[in-house]
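**Q** Contents of input34.txt (compact mmCIF, C-alpha atoms) are given next:
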# COMPACT_ATOMS: atom_id res chain seq x y z
CA MET K 1 -21.38 -11.61 -69.35
CA SER K 2 -18.55 -9.12 -69.88
CA GLU K 3 -14.95 -9.93 -69.19
CA ASN K 4 -14.72 -7.35 -66.37
CA ALA K 5 -17.78 -8.77 -64.63
CA ALA K 6 -16.43 -12.28 -64.87
CA SER K 7 -13.13 -11.27 -63.30
CA ALA K 8 -14.69 -9.30 -60.45
CA PRO K 9 -14.22 -10.84 -56.96
CA GLY K 10 -17.25 -12.82 -55.86
CA ALA K 11 -18.96 -12.62 -59.25
CA ASP K 12 -19.18 -16.42 -59.60
CA THR K 13 -19.60 -17.31 -55.92
CA GLY K 14 -22.16 -14.67 -55.07
CA GLU K 15 -20.18 -13.57 -51.97
CA PRO K 16 -19.75 -9.84 -51.22
CA GLU K 17 -16.40 -8.21 -51.70
CA PRO K 18 -14.24 -8.03 -48.58
CA ILE K 19 -14.37 -4.72 -46.76
CA ARG K 20 -11.13 -2.76 -46.85
CA ALA K 21 -11.02 -1.17 -43.39
CA VAL K 22 -8.98 2.01 -43.21
CA PRO K 23 -7.79 2.98 -39.72
CA LEU K 24 -9.24 6.24 -38.48
CA ARG K 25 -6.63 8.96 -38.51
CA ARG K 26 -6.23 10.71 -35.17
CA PRO K 27 -3.84 13.63 -35.62
CA GLY K 28 -4.78 15.04 -32.21
CA ARG K 29 -3.16 12.08 -30.45
CA TRP K 30 0.12 12.55 -32.29
CA ILE K 31 0.12 16.28 -31.61
CA ALA K 32 -0.57 15.71 -27.90
CA ALA K 33 2.17 13.06 -27.73
CA VAL K 34 4.70 15.38 -29.36
CA VAL K 35 3.79 18.23 -27.01
CA VAL K 36 4.16 15.98 -23.95
CA LEU K 37 7.52 14.62 -25.15
CA VAL K 38 8.80 18.14 -25.80
CA LEU K 39 7.72 19.31 -22.34
CA VAL K 40 9.34 16.29 -20.68
CA ALA K 41 12.57 16.84 -22.63
CA LEU K 42 12.63 20.52 -21.66
CA PHE K 43 12.06 19.63 -17.99
CA VAL K 44 14.81 17.01 -18.00
CA TYR K 45 17.23 19.37 -19.74
CA GLY K 46 16.40 22.20 -17.35
CA ALA K 47 16.85 19.95 -14.30
CA ALA K 48 20.13 18.56 -15.63
CA THR K 49 21.62 22.01 -16.30
CA ASN K 50 20.27 23.77 -13.20
CA GLU K 51 23.08 24.20 -10.69
CA ALA K 52 20.59 24.47 -7.81
CA PHE K 53 19.97 20.72 -7.96
CA ALA K 54 23.69 20.05 -7.26
CA TRP K 55 23.75 16.61 -8.89
CA ASP K 56 27.31 16.02 -7.70
CA VAL K 57 26.11 16.32 -4.08
CA TYR K 58 23.15 14.09 -4.95
CA GLY K 59 25.48 11.35 -6.22
CA GLN K 60 27.74 11.76 -3.19
CA TYR K 61 24.98 11.11 -0.63
CA LEU K 62 22.68 8.74 -2.56
CA PHE K 63 24.34 5.66 -1.03
CA ASP K 64 25.78 7.32 2.05
CA ALA K 65 25.80 5.05 5.11
CA ARG K 66 23.60 7.45 7.08
CA ILE K 67 21.03 7.55 4.27
CA THR K 68 20.91 3.77 3.85
CA GLU K 69 20.59 3.34 7.62
CA GLY K 70 17.73 5.86 7.59
CA ALA K 71 16.05 3.94 4.76
CA TRP K 72 16.30 0.73 6.80
CA LYS K 73 14.79 2.47 9.85
CA THR K 74 11.96 3.73 7.62
CA ILE K 75 11.23 0.18 6.46
CA GLN K 76 11.24 -1.02 10.07
CA LEU K 77 8.85 1.75 11.11
CA THR K 78 6.54 0.91 8.20
CA VAL K 79 6.46 -2.83 8.81
CA LEU K 80 6.04 -2.66 12.60
CA ALA K 81 3.39 0.05 12.46
CA MET K 82 1.42 -1.84 9.79
CA LEU K 83 1.59 -5.08 11.77
CA LEU K 84 0.19 -3.27 14.80
CA ALA K 85 -2.44 -1.60 12.62
CA VAL K 86 -3.55 -4.84 10.96
CA VAL K 87 -3.89 -6.76 14.23
CA LEU K 88 -5.70 -3.95 16.01
CA GLY K 89 -7.76 -3.20 12.89
CA VAL K 90 -9.05 -6.77 12.75
CA VAL K 91 -10.01 -6.57 16.43
CA LEU K 92 -11.80 -3.27 15.90
CA ALA K 93 -13.59 -4.63 12.82
CA VAL K 94 -14.85 -7.62 14.83
CA MET K 95 -15.99 -5.22 17.57
CA ARG K 96 -17.83 -3.10 14.98
CA LEU K 97 -19.60 -6.22 13.67
CA SER K 98 -20.36 -7.55 17.16
CA PRO K 99 -23.98 -7.61 18.39
CA ASN K 100 -22.68 -6.30 21.73
CA PRO K 101 -23.57 -2.56 21.86
CA VAL K 102 -20.72 -1.79 24.26
CA LEU K 103 -18.12 -3.22 21.90
CA ARG K 104 -19.69 -1.48 18.91
CA THR K 105 -19.72 1.86 20.71
CA ALA K 106 -16.13 1.52 21.94
CA ALA K 107 -14.92 0.71 18.42
CA TRP K 108 -16.90 3.61 16.94
CA VAL K 109 -15.42 6.06 19.47
CA TYR K 110 -11.91 4.82 18.68
CA LEU K 111 -12.47 5.34 14.95
CA TRP K 112 -14.04 8.74 15.59
CA ILE K 113 -11.04 9.98 17.55
CA PHE K 114 -8.18 8.59 15.44
CA ARG K 115 -9.79 9.36 12.09
CA GLY K 116 -10.93 12.79 13.17
CA THR K 117 -7.57 14.15 14.34
CA PRO K 118 -4.44 14.70 12.18
CA VAL K 119 -1.73 12.08 12.44
CA TYR K 120 0.87 14.80 13.07
CA VAL K 121 -1.07 15.99 16.13
CA GLN K 122 -1.25 12.42 17.41
CA LEU K 123 2.51 11.98 16.95
CA VAL K 124 3.15 15.20 18.90
CA PHE K 125 0.96 13.80 21.65
CA TRP K 126 3.01 10.60 21.77
CA GLY K 127 6.17 12.69 21.95
CA LEU K 128 4.74 14.40 25.02
CA PHE K 129 3.50 11.13 26.52
CA PRO K 130 6.41 10.87 29.03
CA SER K 131 5.53 14.37 30.25
CA ILE K 132 1.86 13.45 30.71
CA TYR K 133 2.46 10.09 32.39
CA LYS K 134 5.65 10.04 34.46
CA SER K 135 5.54 6.28 35.00
CA VAL K 136 3.50 3.20 34.15
CA ASP K 137 2.75 0.47 36.70
CA LEU K 138 1.51 -2.98 35.73
CA GLY K 139 -0.32 -5.01 38.33
CA ILE K 140 -3.62 -5.59 40.11
CA PRO K 141 -5.59 -2.40 40.94
CA PHE K 142 -5.15 -1.55 44.62
CA GLY K 143 -2.99 -4.66 44.88
CA PRO K 144 0.53 -5.86 44.13
CA GLN K 145 2.51 -4.41 41.22
CA PHE K 146 4.39 -6.63 38.79
CA ALA K 147 6.34 -4.07 36.76
CA HIS K 148 7.25 -0.39 36.93
CA PHE K 149 8.41 1.76 33.99
CA ASP K 150 9.79 5.26 34.42
CA LEU K 151 8.82 6.90 31.12
CA LYS K 152 10.84 10.06 31.70
CA ASP K 153 14.06 8.06 31.79
CA LEU K 154 12.96 5.72 28.99
CA GLN K 155 14.50 6.72 25.64
CA ALA K 156 11.93 5.14 23.38
CA ALA K 157 11.26 7.62 20.57
CA PHE K 158 11.26 4.80 18.00
CA LEU K 159 8.73 2.83 20.06
CA PHE K 160 6.44 5.84 20.46
CA ALA K 161 6.69 6.50 16.72
CA VAL K 162 5.58 2.92 15.96
CA ILE K 163 2.71 3.17 18.47
CA GLY K 164 1.57 6.53 17.13
CA LEU K 165 1.60 5.42 13.50
CA GLY K 166 0.07 2.02 14.26
CA LEU K 167 -2.81 3.30 16.36
CA ASN K 168 -3.73 5.88 13.74
CA GLU K 169 -3.59 3.38 10.88
CA ALA K 170 -5.63 0.81 12.84
CA ALA K 171 -8.69 3.05 12.54
CA TYR K 172 -8.47 2.88 8.74
CA MET K 173 -7.63 -0.82 8.65
CA ALA K 174 -10.70 -1.56 10.75
CA GLU K 175 -12.95 -0.05 8.09
CA ILE K 176 -11.10 -1.88 5.32
CA VAL K 177 -11.49 -5.24 7.06
CA ARG K 178 -15.14 -4.52 7.87
CA ALA K 179 -15.84 -3.67 4.23
CA GLY K 180 -14.07 -6.84 3.08
CA VAL K 181 -16.04 -9.06 5.43
CA GLY K 182 -19.25 -7.32 4.43
CA SER K 183 -18.55 -8.01 0.75
CA VAL K 184 -18.97 -11.78 1.30
CA SER K 185 -22.57 -12.85 0.81
CA GLU K 186 -24.52 -14.22 3.76
CA GLY K 187 -25.12 -17.43 1.82
CA GLN K 188 -21.46 -18.34 2.29
CA THR K 189 -21.79 -18.05 6.05
CA GLU K 190 -25.06 -19.99 6.06
CA ALA K 191 -23.50 -22.77 3.99
CA SER K 192 -20.55 -23.02 6.38
CA THR K 193 -22.89 -23.16 9.36
CA ALA K 194 -24.91 -25.88 7.65
CA LEU K 195 -21.68 -27.90 7.26
CA GLY K 196 -21.15 -27.72 11.03
CA MET K 197 -18.34 -25.14 11.06
CA THR K 198 -17.87 -22.93 14.08
CA TRP K 199 -17.75 -19.14 13.80
CA SER K 200 -13.94 -19.09 13.84
CA GLN K 201 -13.74 -21.83 11.22
CA THR K 202 -16.24 -19.98 9.05
CA MET K 203 -14.21 -16.79 9.25
CA ARG K 204 -10.89 -18.56 8.65
CA ARG K 205 -11.92 -20.95 5.88
CA THR K 206 -14.80 -19.23 4.12
CA VAL K 207 -15.19 -15.53 4.81
CA LEU K 208 -11.62 -14.21 5.10
CA PRO K 209 -10.22 -15.98 1.97
CA GLN K 210 -13.00 -14.39 -0.10
CA ALA K 211 -12.75 -11.05 1.70
CA MET K 212 -9.01 -10.82 0.99
CA ARG K 213 -9.80 -9.94 -2.62
CA VAL K 214 -11.43 -6.74 -1.33
CA ILE K 215 -9.02 -6.16 1.57
CA ILE K 216 -5.67 -6.47 -0.23
CA PRO K 217 -5.84 -3.49 -2.68
CA PRO K 218 -6.67 -0.79 -0.09
CA THR K 219 -4.27 -2.40 2.40
CA GLY K 220 -1.48 -2.14 -0.16
CA ASN K 221 -2.33 1.52 -0.65
CA GLU K 222 -2.28 2.07 3.11
CA LEU K 223 1.12 0.36 3.36
CA ILE K 224 2.56 2.69 0.73
CA SER K 225 0.94 5.65 2.47
CA MET K 226 2.43 4.49 5.78
CA LEU K 227 5.89 4.46 4.21
CA LYS K 228 5.53 8.13 3.33
CA THR K 229 3.85 9.05 6.61
CA THR K 230 6.99 7.96 8.48
CA SER K 231 8.49 11.29 7.41
CA LEU K 232 6.28 12.92 10.06
CA VAL K 233 7.80 11.09 13.05
CA ALA K 234 10.02 14.09 13.69
CA ALA K 235 7.05 15.26 15.77
CA VAL K 236 7.73 12.50 18.35
CA PRO K 237 10.66 13.52 18.00
CA TYR K 238 12.51 10.78 16.14
CA THR K 239 14.99 11.65 13.38
CA GLY K 240 16.57 8.29 12.64
CA GLU K 241 14.38 7.56 9.59
CA LEU K 242 15.14 8.51 5.99
CA TYR K 243 13.79 12.04 5.85
CA GLY K 244 15.19 12.88 9.29
CA ARG K 245 18.68 11.75 8.26
CA ALA K 246 18.50 13.69 4.99
CA ARG K 247 17.38 16.80 6.88
CA ASP K 248 20.19 16.45 9.41
CA ILE K 249 22.79 16.16 6.65
CA SER K 250 21.34 19.13 4.76
CA GLY K 251 21.49 21.17 7.96
CA ALA K 252 25.22 20.49 8.14
CA ASN K 253 26.22 21.06 4.49
CA PHE K 254 23.51 23.64 3.64
CA GLU K 255 22.41 21.67 0.57
CA PRO K 256 18.70 20.92 1.17
CA ILE K 257 17.66 20.42 -2.47
CA PRO K 258 19.96 17.50 -3.41
CA LEU K 259 19.31 15.83 -0.05
CA LEU K 260 15.56 16.08 -0.66
CA LEU K 261 16.13 14.44 -4.04
CA VAL K 262 18.11 11.67 -2.34
CA ALA K 263 15.26 11.01 0.10
CA ALA K 264 12.70 11.11 -2.72
CA THR K 265 14.73 8.59 -4.73
CA TRP K 266 14.80 6.12 -1.86
CA TYR K 267 11.08 6.57 -1.20
CA LEU K 268 10.38 5.90 -4.89
CA ALA K 269 12.57 2.80 -4.89
CA ILE K 270 10.94 1.27 -1.81
CA THR K 271 7.46 2.18 -3.05
CA SER K 272 8.16 0.50 -6.40
CA VAL K 273 9.09 -2.74 -4.65
CA LEU K 274 5.91 -2.59 -2.56
CA MET K 275 3.80 -1.98 -5.67
CA VAL K 276 5.25 -5.07 -7.35
CA GLY K 277 4.49 -7.18 -4.28
CA GLN K 278 0.96 -5.76 -4.12
CA PHE K 279 0.37 -6.69 -7.77
CA TYR K 280 1.29 -10.35 -7.31
CA LEU K 281 -0.62 -10.56 -4.02
CA GLU K 282 -3.76 -9.16 -5.66
CA ARG K 283 -3.41 -11.59 -8.56
CA HIS K 284 -3.06 -14.50 -6.12
CA TYR K 285 -6.26 -13.69 -4.24
CA SER K 286 -8.22 -12.90 -7.41
CA LYS K 287 -7.91 -16.46 -8.74
CA GLY K 288 -11.23 -17.80 -9.93
CA LEU K 289 -12.81 -14.34 -10.06
CA SER K 290 -12.51 -14.00 -13.85
CA ARG K 291 -13.60 -16.49 -16.49
CA VAL K 292 -10.46 -15.67 -18.50
CA LEU K 293 -7.90 -18.43 -18.06
CA THR K 294 -4.26 -17.67 -17.35
CA PRO K 295 -1.53 -19.04 -19.66
CA ARG K 296 -0.69 -21.75 -17.12
CA GLN K 297 -4.35 -22.84 -16.92
CA LEU K 298 -4.62 -22.82 -20.71
CA GLN K 299 -1.49 -24.94 -21.04
CA ALA K 300 -2.77 -27.43 -18.45
CA LEU K 301 -6.11 -27.67 -20.28
CA ALA K 302 -4.37 -28.18 -23.61
CA ASP K 303 -2.12 -30.89 -22.14
CA ALA K 304 -5.17 -32.67 -20.71
CA GLN K 305 -6.90 -32.58 -24.09
CA ARG K 306 -3.65 -33.29 -25.96
CA LYS K 307 -4.16 -30.25 -28.14
CA PRO K 308 -1.90 -27.24 -28.79
CA VAL K 309 -2.68 -23.93 -27.12
CA PRO K 310 -4.81 -21.77 -29.45
CA PRO K 311 -2.79 -18.84 -30.91
CA ALA K 312 -5.38 -16.31 -29.73
CA ALA K 313 -4.95 -17.50 -26.15
CA ALA K 314 -1.15 -17.51 -26.22
CA PRO K 315 -0.68 -13.98 -24.70
CA ASP K 316 -0.87 -13.57 -20.97
CA ALA K 317 -4.62 -13.44 -20.32
CA GLY K 318 -4.10 -12.96 -16.61
CA GLY K 319 -2.52 -9.55 -17.04
CA SER K 320 1.03 -8.45 -16.57
CA LEU K 321 2.75 -5.69 -14.70
Represent the supplied structure as structure tokens.

**A**
Amino acid sequence: MSENAASAPGADTGEPEPIRAVPLRRPGRWIAAVVVLVLVALFVYGAATNEAFAWDVYGQYLFDARITEGAWKTIQLTVLAMLLAVVLGVVLAVMRLSPNPVLRTAAWVYLWIFRGTPVYVQLVFWGLFPSIYKSVDLGIPFGPQFAHFDLKDLQAAFLFAVIGLGLNEAAYMAEIVRAGVGSVSEGQTEASTALGMTWSQTMRRTVLPQAMRVIIPPTGNELISMLKTTSLVAAVPYTGELYGRARDISGANFEPIPLLLVAATWYLAITSVLMVGQFYLERHYSKGLSRVLTPRQLQALADAQRKPVPPAAAPDAGGSL
């Protein structure tokens, strides 16, 4: 046997030589990345040097008291309207799933009307509501009255904005809840019934916890969409929210562009917080869905077996933001 053959790797053991893997070169990716970075840099430079953006005015009004108050009113509108939409959406979803044809038809007509007409048109309608109905009386028909409300004298633009947004969103939440309930297999309901649970217990303990995994993601998207839809409440008319305040200020100082940027910055900030909350809420309700263990579960398993955590399992297997 020659000296070269004897010194070759694997000549004595009979094992094949290790494969030297060479990464595939992808010049197109680098070219695309450079082009994108150049375009972004040019956009940032152009925006920073363009006097039309008036960055000094932007910095002056970014934390103005009127803007921050408008942002707080926007959050209030979003939360109250979504609460109304979720409660009414659950009721409509139950009506849609009911064997009663009257309830099913009433829910279908509601969804047909509120999903088939633009939300801006509905908000205009609610702004004209005091002109359509002069007063509202609560009591027994053709009997005694318990309360009387004069809508023409009632300054309730904020209330009508919440009602208009909430009733429109309820039509979409009803379909989201119905889809979530429908995603749970019938075997779960049958098993709960076999254990002696009532219908309400089955929904509360079995169906809804599993349906939340399907309900949460689109509900989070609807919440973020609701935040941006509040900019349309000027149709009520109500101008106390973020965009209304920014528009009022721009009408006084004739600087609409920087005030629009101020409003956009606050919308982005609030949306970012909502997206973080949605991420953790989705991760909470998706427990047990994947076979991949989270770092906490891996650590608990290793402690129980008195073994160290495997290096390959050390990164966050549950995902991170």

**Q** For His284 of chain K, please output as a ChimeraX atom specification all residues within 10 Å (counting only C-alpha atoms; exclusion window: fewer than 6 positions along the same chain).

**A** /K:212-213,278

**Q** Do you know which residues are at most 12 Å from Val121 of chain K counting only C-alpha atoms, after dropping those on the same chain fewer than 2 positions away, and could you put them as a PyMOL selection string?

**A** chain K and resi 113-119+123-128+164-165+168+232-236

**Q** Pick from K:Glu222, K:Glu255, K:Asp303, K:Glu241: nearest to Leu77 of chain K, with only C-alpha atoms counted?

**A**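 Smallest distance to Leu77 of chain K is found for K:Glu241.
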
**Q** Quick one: everything within 9 Å of Val207 of chain K, counting all atoms listed in the file, minus sequence neighbours fewer than 4 positions away in the same chain. Send it as a list in words.

**A**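 In the requested form, the answer reads Gly180, Val181, Val184, Ser185, Gln188, Thr189, Thr202, Met203, Ala211 and Met212 of chain K.
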
**Q** Could you tell me how far atom CA of Arg66 of chain K sits from atom CA of Ala52 of chain K, in Å to one decimal place?

**A** 22.8 Å

**Q** For atom CA of Gly277 of chain K and atom CA of Ala71 of chain K, quote the distance in Å rounded to one decimal.

**A**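 Taking atom CA of Gly277 of chain K as the start and atom CA of Ala71 of chain K as the end point, the length is 18.4 Å.
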
**Q** Give the answer as one residue: which of K:Met173, K:Leu24, K:Ala304, K:Ile216 has the shortest atom-to-atom distance to Glu282 of chain K, using only C-alpha atoms?

**A** K:Ile216

**Q** Please compute the atom CA of Arg247 of chain K-atom CA of Ala269 of chain K distance, one decimal, in Å.

**A**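 Separation between atom CA of Arg247 of chain K and atom CA of Ala269 of chain K: 18.9 Å.
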
**Q** Pick out the closest residue to Val262 of chain K from this set: K:Tyr243, K:Tyr280, K:Trp108, K:Trp30. Count all atoms listed in the file.

**A**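 Closest residue, counting all atoms listed in the file: K:Tyr243.
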
**Q** Determine, counting only C-alpha atoms, which protein, DNA and RNA residues have an atom within 9 Å of an atom of Ser192 of chain K; residues of the same chain fewer than 4 positions away are not included. Present the result as a PyMOL selection string.

**A** chain K and resi 187-188+196-199+201-202+205-206

**Q** Using all atoms listed in the file, which protein or nucleic acid residues come within 12 Å of Thr105 of chain K? Drop anything in the same chain fewer than 5 positions from it, and give the result as number ranges by chain.

**A** K: 92-93, 95-100, 110-112

**Q** Quick one: of K:Leu42, K:Leu242, K:Val276, K:Val34, who's nearest to Ala263 of chain K, counting all atoms listed in the file?

**A**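 Ranked by minimum distance to Ala263 of chain K, first place goes to K:Leu242.
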
**Q** Could you pull out every residue with an atom within 12 Å of (16.0, 6.1, -1.3), file coordinates, counting all atoms listed in the file, and send them as a ChimeraX atom specification?

**A** /K:58-59,61-75,227-228,241-243,245-246,259-273

**Q** Grab the residues selected above and save them as a CSV table (one decimal), in the coordinates of the input with C-alpha atoms.

**A**
chain,number,residue,atom,x,y,z
K,58,TYR,CA,23.2,14.1,-5.0
K,59,GLY,CA,25.5,11.4,-6.2
K,61,TYR,CA,25.0,11.1,-0.6
K,62,LEU,CA,22.7,8.7,-2.6
K,63,PHE,CA,24.3,5.7,-1.0
K,64,ASP,CA,25.8,7.3,2.0
K,65,ALA,CA,25.8,5.0,5.1
K,66,ARG,CA,23.6,7.4,7.1
K,67,ILE,CA,21.0,7.6,4.3
K,68,THR,CA,20.9,3.8,3.8
K,69,GLU,CA,20.6,3.3,7.6
K,70,GLY,CA,17.7,5.9,7.6
K,71,ALA,CA,16.0,3.9,4.8
K,72,TRP,CA,16.3,0.7,6.8
K,73,LYS,CA,14.8,2.5,9.8
K,74,THR,CA,12.0,3.7,7.6
K,75,ILE,CA,11.2,0.2,6.5
K,227,LEU,CA,5.9,4.5,4.2
K,228,LYS,CA,5.5,8.1,3.3
K,241,GLU,CA,14.4,7.6,9.6
K,242,LEU,CA,15.1,8.5,6.0
K,243,TYR,CA,13.8,12.0,5.8
K,245,ARG,CA,18.7,11.8,8.3
K,246,ALA,CA,18.5,13.7,5.0
K,259,LEU,CA,19.3,15.8,0.0
K,260,LEU,CA,15.6,16.1,-0.7
K,261,LEU,CA,16.1,14.4,-4.0
K,262,VAL,CA,18.1,11.7,-2.3
K,263,ALA,CA,15.3,11.0,0.1
K,264,ALA,CA,12.7,11.1,-2.7
K,265,THR,CA,14.7,8.6,-4.7
K,266,TRP,CA,14.8,6.1,-1.9
K,267,TYR,CA,11.1,6.6,-1.2
K,268,LEU,CA,10.4,5.9,-4.9
K,269,ALA,CA,12.6,2.8,-4.9
K,270,ILE,CA,10.9,1.3,-1.8
K,271,THR,CA,7.5,2.2,-3.0
K,272,SER,CA,8.2,0.5,-6.4
K,273,VAL,CA,9.1,-2.7,-4.6

**Q** Pick the closest to Phe129 of chain K from K:Ala161, K:Ile224, K:Pro218, K:Gly244: which is it, counting all atoms listed in the file?

**A**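 Once distances to Phe129 of chain K are computed over all atoms listed in the file, the minimum belongs to K:Ala161.
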